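**Student:** Sharing a structure with you now.
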2 protein chains.
Amino acid sequence: MKITVQREKLSTAVSHVAKAVSTRTTIPILTGIKLKADHEGLTLTGSDSDISIEVHVPLEEGENWGVTVHESGSIVLPSRIFSEIVRKLPANEIEISVDDRLLTLIRSGQAEFTINGLNANEYPQLPQLEEDKVFSIPSDLLKTMIRQTSFAVATSEMRPILTGIMWTLEEGLLKFVATDSHRFASRNAKVECSESLRFYNIVVPGKSCNELVKIIDDDQNLVDIVVADNQILVKSNHILFYSRLLEGTYPDTNRIIPQGCKTEIVLSTKEFLQSIERASLLSREGKTNVVKLITLPDGNVEISSNAPEIGKVTETIQPKQCNGEELKISFNAKFMIDALRSIDSSEIVTNFTGAMSPFIIRPTDHDWSLHLILPVRTY
Amino acid sequence: MKITVQREKLSTAVSHVAKAVSTRTTIPILTGIKLKADHEGLTLTGSDSDISIEVHVPLEEGENWGVTVHESGSIVLPSRIFSEIVRKLPANEIEISVDDRLLTLIRSGQAEFTINGLNANEYPQLPQLEEDKVFSIPSDLLKTMIRQTSFAVATSEMRPILTGIMWTLEEGLLKFVATDSHRFASRNAKVECSESLRFYNIVVPGKSCNELVKIIDDDQNLVDIVVADNQILVKSNHILFYSRLLEGTYPDTNRIIPQGCKTEIVLSTKEFLQSIERASLLSREGKTNVVKLITLPDGNVEISSNAPEIGKVTETIQPKQCNGEELKISFNAKFMIDALRSIDSSEIVTNFTGAMSPFIIRPTDHDWSLHLILPVRTY
């Protein structure tokens, strides 16, 4: 293999695929990045066997030169040191050539690195997915859907299935659901796909979703998503992102959403968030993380918290509306903060069905997202 | 005590004094920030007994309101929670009032915190320094002098005196020296002081110097420095910064500086730095951190390094000048990178007196700073 490649393009590609590489793998070859040069250009691959990322650098893109392949071939280079070298090279052009003992010469300007490579034939093959279940979604919408649900996935491995986001698709409606069994977040959106396409119980690991958010662009270009039996593939520009799916059956979350409503409060998202953040200063200090919400006879709402040794905080906020029964309820401040921070709308409505029942938070301007929090029993 | 204070001023003052507060102190009252209100305004104090910081908020500064003191008094409040509360308060005005059980009410907008305070009489008194040894220096120059020497202080406590920067003053010339016995950095500057003022062996802890850099402004306003027997006091605007001095005798560093020169090389600081940074990618990986410098017969200089399992790197750089005997020398890449990063000049000269002797690095455009590095014996 012998190529000359444009530094910025190589550097971007390396930083993307390096995100999938783990230093803690038990498979030595997976600590490396695979480079493959052929008549179409250069393809880089990184994988930790859960996530695999492939980035292609074409010969040229429009007017811009990307890579010149003098001799086809492939090599695996140690990820961390190769990433650092590429980032520090002095010139615009980088020459990479591999000899038959896998010694790899990386030259740029006056700098010359010789690195011991590994045999690319030993690198695992990426899965070949059947591309019959495919839909398209704008890149920034996919990122928003992940951002508005991923915080609610379980961090403990007690019930592994809950560490993922469950994706379902029916009648062109894509739905993301996440829960750690104390709180719940969902986000829906219309997507482009064939009318007959539907899937259920596709559970994508939260970690994969968070890595995906980092590498796809923040624009409205469509990304294609292929759903297979135990893998998902996201295609964006020159990037292919593979993730394994979680095995098992995701719990039916529809029945945990309360239908009635005894107290309804409409609030400014920002004002409510800031008030909870202040109260959480003391609840966090007191280790309980619990804040209390009380409806006052004058129609206002009181947020309070206390930490026995340190002190207490009380704040009155004026809701836009407050209807129904009076209410005293306590909940985990962090869950409320996570939910409110994920909501882009300026106003939210909260529906309560008593101090012991889960309650719902929704933006007032659309029905695409819904949050649910279980209260803490302090009364 | 009862005051109303402007939020930004309080917030800045709290964030300054909090830098001196340690959570790991064995003296409970020092985990707090002391507030003292009198007819001149509000004074905040934080201390870990090595460093003490006092910030004054005057009643008003020019046109700007700072604080209104309704009732004089003082209180000590827990540092971390008080800092966070101040940062999150909603309104421009903050009211703080203390009752006779030391319960402190902090009110801003609709938010109301009640925090248990501690008795300010138990807070240690700051030292009263004799102000006979005083000099003045522009704030940004003091910061530069610290930045250009502090990286060379010892991090190990083997010889505690080396963990500080030694300050000397004679004939209006202030000199900072730091060494960890493997490398050495010094920086001199003319300062404003009485002609007769002189001091030696004033060793200020590196940690104190680094904290000082964070809180004084990056401008040319003069700061006054008071040198006492076992303390130093830096006065800048409304800030008083106290640091204890290290006890003991700092080694005589004058005799370690070689006088002759067998090989002299003049280099672009940036080009040399980048080349060493590239070489250090491999030397760091190989754990030795050693890079090699060789003068070539054609007048160029070769920088190289290798890590047995991984590979090697070689780079040729063209010096501006290269005179004297040929040279092969090895040194710690980190020491060279630290020195070169601290130098603001675009060109440096290196003076060598053989592969086994310490060598000198200086900017070519002034004599105010000097760096020295001991080579590593590999030949």
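Going by the structure tokens order, chains are called A, B, ..., each with residues numbered from 1, while ligands are numbered from 1 in the order shown.
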Give as a PDB file with N, CA, C and O atoms, in the first residue's frame every residue of chain B that touches chain A within 6 Å, counting only C-alpha atoms.

**Tutor:**
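Output file part10.pdb is given in full below:
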```pdb
ATOM      1  N   GLN B 110     -37.448  35.909  44.298  1.00  0.00           N
ATOM      2  CA  GLN B 110     -38.360  35.093  45.085  1.00  0.00           C
ATOM      3  C   GLN B 110     -37.659  33.979  45.841  1.00  0.00           C
ATOM      4  O   GLN B 110     -38.289  33.207  46.558  1.00  0.00           O
ATOM      5  N   ALA B 111     -36.336  33.858  45.632  1.00  0.00           N
ATOM      6  CA  ALA B 111     -35.608  32.741  46.258  1.00  0.00           C
ATOM      7  C   ALA B 111     -35.098  33.135  47.629  1.00  0.00           C
ATOM      8  O   ALA B 111     -34.615  34.250  47.825  1.00  0.00           O
ATOM      9  N   GLU B 112     -35.200  32.198  48.568  1.00  0.00           N
ATOM     10  CA  GLU B 112     -34.849  32.484  49.947  1.00  0.00           C
ATOM     11  C   GLU B 112     -34.124  31.281  50.543  1.00  0.00           C
ATOM     12  O   GLU B 112     -34.718  30.216  50.701  1.00  0.00           O
ATOM     13  N   PHE B 113     -32.822  31.456  50.821  1.00  0.00           N
ATOM     14  CA  PHE B 113     -32.051  30.388  51.441  1.00  0.00           C
ATOM     15  C   PHE B 113     -31.822  30.708  52.911  1.00  0.00           C
ATOM     16  O   PHE B 113     -31.577  31.863  53.265  1.00  0.00           O
ATOM     17  N   THR B 114     -31.889  29.691  53.757  1.00  0.00           N
ATOM     18  CA  THR B 114     -31.500  29.851  55.157  1.00  0.00           C
ATOM     19  C   THR B 114     -30.354  28.884  55.419  1.00  0.00           C
ATOM     20  O   THR B 114     -30.507  27.671  55.250  1.00  0.00           O
ATOM     21  N   ILE B 115     -29.181  29.432  55.772  1.00  0.00           N
ATOM     22  CA  ILE B 115     -27.977  28.613  55.906  1.00  0.00           C
ATOM     23  C   ILE B 115     -27.438  28.764  57.326  1.00  0.00           C
ATOM     24  O   ILE B 115     -27.415  29.863  57.872  1.00  0.00           O
ATOM     25  N   ASN B 116     -26.994  27.645  57.915  1.00  0.00           N
ATOM     26  CA  ASN B 116     -26.367  27.708  59.230  1.00  0.00           C
ATOM     27  C   ASN B 116     -24.958  28.286  59.115  1.00  0.00           C
ATOM     28  O   ASN B 116     -24.108  27.720  58.440  1.00  0.00           O
ATOM     29  N   ILE B 310       6.970   0.036  19.051  1.00  0.00           N
ATOM     30  CA  ILE B 310       6.031   0.768  18.213  1.00  0.00           C
ATOM     31  C   ILE B 310       6.643   1.313  16.924  1.00  0.00           C
ATOM     32  O   ILE B 310       6.102   1.143  15.843  1.00  0.00           O
ATOM     33  N   GLY B 311       7.771   1.979  17.034  1.00  0.00           N
ATOM     34  CA  GLY B 311       8.394   2.518  15.838  1.00  0.00           C
ATOM     35  C   GLY B 311       9.368   3.623  16.168  1.00  0.00           C
ATOM     36  O   GLY B 311       9.818   3.753  17.303  1.00  0.00           O
ATOM     37  N   LYS B 312       9.681   4.449  15.146  1.00  0.00           N
ATOM     38  CA  LYS B 312      10.626   5.540  15.395  1.00  0.00           C
ATOM     39  C   LYS B 312      10.260   6.767  14.570  1.00  0.00           C
ATOM     40  O   LYS B 312       9.413   6.702  13.679  1.00  0.00           O
ATOM     41  N   VAL B 313      10.891   7.871  14.880  1.00  0.00           N
ATOM     42  CA  VAL B 313      10.626   9.113  14.164  1.00  0.00           C
ATOM     43  C   VAL B 313      11.950   9.845  13.977  1.00  0.00           C
ATOM     44  O   VAL B 313      12.810   9.823  14.852  1.00  0.00           O
ATOM     45  N   THR B 314      12.106  10.439  12.802  1.00  0.00           N
ATOM     46  CA  THR B 314      13.308  11.218  12.501  1.00  0.00           C
ATOM     47  C   THR B 314      12.868  12.474  11.770  1.00  0.00           C
ATOM     48  O   THR B 314      11.973  12.415  10.931  1.00  0.00           O
ATOM     49  N   GLU B 315      13.482  13.594  12.092  1.00  0.00           N
ATOM     50  CA  GLU B 315      13.116  14.822  11.411  1.00  0.00           C
ATOM     51  C   GLU B 315      14.354  15.705  11.299  1.00  0.00           C
ATOM     52  O   GLU B 315      15.146  15.804  12.232  1.00  0.00           O
ATOM     53  N   THR B 316      14.514  16.358  10.158  1.00  0.00           N
ATOM     54  CA  THR B 316      15.647  17.257   9.964  1.00  0.00           C
ATOM     55  C   THR B 316      15.130  18.684  10.025  1.00  0.00           C
ATOM     56  O   THR B 316      14.157  19.011   9.353  1.00  0.00           O
TER      57      THR B 316
END
```

**Student:** Mind checking DSSP for region 122-350 of chain B and telling me the strand (DSSP E or B) residues as a PyMOL selection string?

**Tutor:** chain B and resi 134-138+164-170+173-179+183-190+192-193+199-205+222-227+231-236+239-244+263-268+290-295+301-307+311-317+321-324+328-332+347-350

**Student:** For Ile137 (chain A), which of A:Val349, A:Val291, A:Leu222, A:Ile202 is the closest residue, counting only C-alpha atoms?

**Tutor:**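 Going through A:Val349, A:Val291, A:Leu222, A:Ile202 one by one, the smallest distance to Ile137 (chain A) is for A:Leu222.
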
**Student:** I'd like the interatomic distance between CA of Gly172 (chain A) and CA of Phe135 (chain A), to a tenth of an Å.

**Tutor:**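 CA of Phe135 (chain A) lies 8.9 Å from CA of Gly172 (chain A).
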
**Student:** For Leu173 (chain A), list every protein, DNA or RNA residue within 10 Å, evaluated using only C-alpha atoms, and leave out those in the same chain fewer than 3 positions away; present the list as a PyMOL selection string.

**Tutor:** chain A and resi 168-170+188-193+198

**Student:** Deliver the residues from the most recent selection as a file, using N, CA and C atoms, as a PDB file, in the first residue's frame.

**Tutor:**
```pdb
ATOM      1  N   THR A 168     -39.080   2.348  17.802  1.00  0.00           N
ATOM      2  CA  THR A 168     -40.145   1.649  17.061  1.00  0.00           C
ATOM      3  C   THR A 168     -40.543   2.516  15.873  1.00  0.00           C
ATOM      4  N   LEU A 169     -41.056   1.865  14.837  1.00  0.00           N
ATOM      5  CA  LEU A 169     -41.535   2.612  13.668  1.00  0.00           C
ATOM      6  C   LEU A 169     -42.837   1.990  13.196  1.00  0.00           C
ATOM      7  N   GLU A 170     -43.845   2.815  13.009  1.00  0.00           N
ATOM      8  CA  GLU A 170     -45.131   2.337  12.507  1.00  0.00           C
ATOM      9  C   GLU A 170     -45.816   3.487  11.791  1.00  0.00           C
ATOM     10  N   ASN A 188     -41.109  11.425  19.509  1.00  0.00           N
ATOM     11  CA  ASN A 188     -41.601  10.887  18.240  1.00  0.00           C
ATOM     12  C   ASN A 188     -41.264  11.839  17.098  1.00  0.00           C
ATOM     13  N   ALA A 189     -41.209  11.302  15.890  1.00  0.00           N
ATOM     14  CA  ALA A 189     -41.071  12.164  14.714  1.00  0.00           C
ATOM     15  C   ALA A 189     -41.506  11.400  13.475  1.00  0.00           C
ATOM     16  N   LYS A 190     -42.035  12.135  12.500  1.00  0.00           N
ATOM     17  CA  LYS A 190     -42.364  11.555  11.197  1.00  0.00           C
ATOM     18  C   LYS A 190     -41.073  11.376  10.413  1.00  0.00           C
ATOM     19  N   VAL A 191     -40.924  10.242   9.745  1.00  0.00           N
ATOM     20  CA  VAL A 191     -39.717  10.034   8.926  1.00  0.00           C
ATOM     21  C   VAL A 191     -40.089   9.565   7.534  1.00  0.00           C
ATOM     22  N   GLU A 192     -39.113   9.606   6.622  1.00  0.00           N
ATOM     23  CA  GLU A 192     -39.341   9.160   5.251  1.00  0.00           C
ATOM     24  C   GLU A 192     -39.032   7.679   5.149  1.00  0.00           C
ATOM     25  N   CYS A 193     -40.066   6.893   4.730  1.00  0.00           N
ATOM     26  CA  CYS A 193     -39.826   5.460   4.546  1.00  0.00           C
ATOM     27  C   CYS A 193     -40.972   4.881   3.739  1.00  0.00           C
ATOM     28  N   ARG A 198     -42.333  -1.323   9.147  1.00  0.00           N
ATOM     29  CA  ARG A 198     -42.575  -1.210  10.583  1.00  0.00           C
ATOM     30  C   ARG A 198     -41.585  -2.072  11.345  1.00  0.00           C
TER      31      ARG A 198
END
```

**Student:** Applying 6 Å and only C-alpha atoms, which residues near region 234-247 of chain A remain after dropping the ones on its own chain fewer than 2 positions away? List them as a ChimeraX atom specification.

**Tutor:** /A:50-56,203-204,223-225,230-232

**Student:** Within 8 Å of Ser345 (chain A), counting only C-alpha atoms, which residues show up once you throw out same-chain ones fewer than 3 positions away? Write them as a VMD selection string, please.

**Tutor:** chain A and resid 269 348 363 to 365

**Student:** Take the selection from the previous step and output its residues with N, CA and C atoms, as a PDB file, in the first residue's frame.

**Tutor:**
```pdb
ATOM      1  N   THR A 269     -40.592  27.118  31.203  1.00  0.00           N
ATOM      2  CA  THR A 269     -39.571  26.065  31.339  1.00  0.00           C
ATOM      3  C   THR A 269     -38.338  26.591  32.052  1.00  0.00           C
ATOM      4  N   ILE A 348     -44.039  24.578  29.571  1.00  0.00           N
ATOM      5  CA  ILE A 348     -44.386  23.169  29.775  1.00  0.00           C
ATOM      6  C   ILE A 348     -45.668  23.065  30.588  1.00  0.00           C
ATOM      7  N   PRO A 363     -44.109  19.647  26.660  1.00  0.00           N
ATOM      8  CA  PRO A 363     -44.118  21.022  26.137  1.00  0.00           C
ATOM      9  C   PRO A 363     -45.554  21.392  25.781  1.00  0.00           C
ATOM     10  N   THR A 364     -45.904  22.689  25.848  1.00  0.00           N
ATOM     11  CA  THR A 364     -47.285  23.062  25.508  1.00  0.00           C
ATOM     12  C   THR A 364     -47.480  23.232  24.007  1.00  0.00           C
ATOM     13  N   ASP A 365     -46.375  23.394  23.259  1.00  0.00           N
ATOM     14  CA  ASP A 365     -46.541  23.731  21.840  1.00  0.00           C
ATOM     15  C   ASP A 365     -46.491  22.546  20.886  1.00  0.00           C
TER      16      ASP A 365
END
```

**Student:** Could you list, as an NGL selection string, every residue within 9 Å of Lys207 (chain A), counting only C-alpha atoms and ignoring same-chain residues fewer than 2 positions away?

**Tutor:** :A and (150 or 163-164 or 204-205 or 209-212)

**Student:** Write the residues of the selection above to a file with C-alpha atoms, as a PDB file, in the first residue's frame.

**Tutor:**
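Saved file out-v9.pdb follows:
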```pdb
ATOM      1  CA  SER A 150     -30.753   9.217  26.151  1.00  0.00           C
ATOM      2  CA  THR A 163     -29.479   0.712  29.169  1.00  0.00           C
ATOM      3  CA  GLY A 164     -30.691   1.245  25.598  1.00  0.00           C
ATOM      4  CA  VAL A 204     -29.946   0.589  20.608  1.00  0.00           C
ATOM      5  CA  PRO A 205     -27.381   0.878  23.456  1.00  0.00           C
ATOM      6  CA  CYS A 209     -26.498   6.658  20.568  1.00  0.00           C
ATOM      7  CA  ASN A 210     -24.249   9.106  22.421  1.00  0.00           C
ATOM      8  CA  GLU A 211     -21.259   8.269  20.178  1.00  0.00           C
ATOM      9  CA  LEU A 212     -23.458   8.661  17.099  1.00  0.00           C
TER      10      LEU A 212
END
```

**Student:** I'd like the interatomic distance between CA of Ser72 (chain A) and CA of Met1 (chain A), to a tenth of an Å.

**Tutor:** 4.9 Å

**Student:** Give me the residues near Glu325 (chain B) as a list in words, where near means some atom within 8 Å (using only C-alpha atoms) and where sequence neighbours in that chain fewer than 2 positions away do not count.

**Tutor:**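 The filter keeps Lys262, Thr263, Asn323 and Leu327 of chain B.
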
**Student:** So which one's closest to Thr353 (chain B), B:Gly248, B:Pro258, B:Gly286, B:Pro375? Using only C-alpha atoms, please.

**Tutor:** B:Pro258

**Student:** Quick check for you: according to DSSP on this backbone, which residues of region 174-351 of chain A are classed as alpha helix (DSSP H)? Reply as a PyMOL selection string.

**Tutor:** chain A and resi 206-215+269-285+333-342
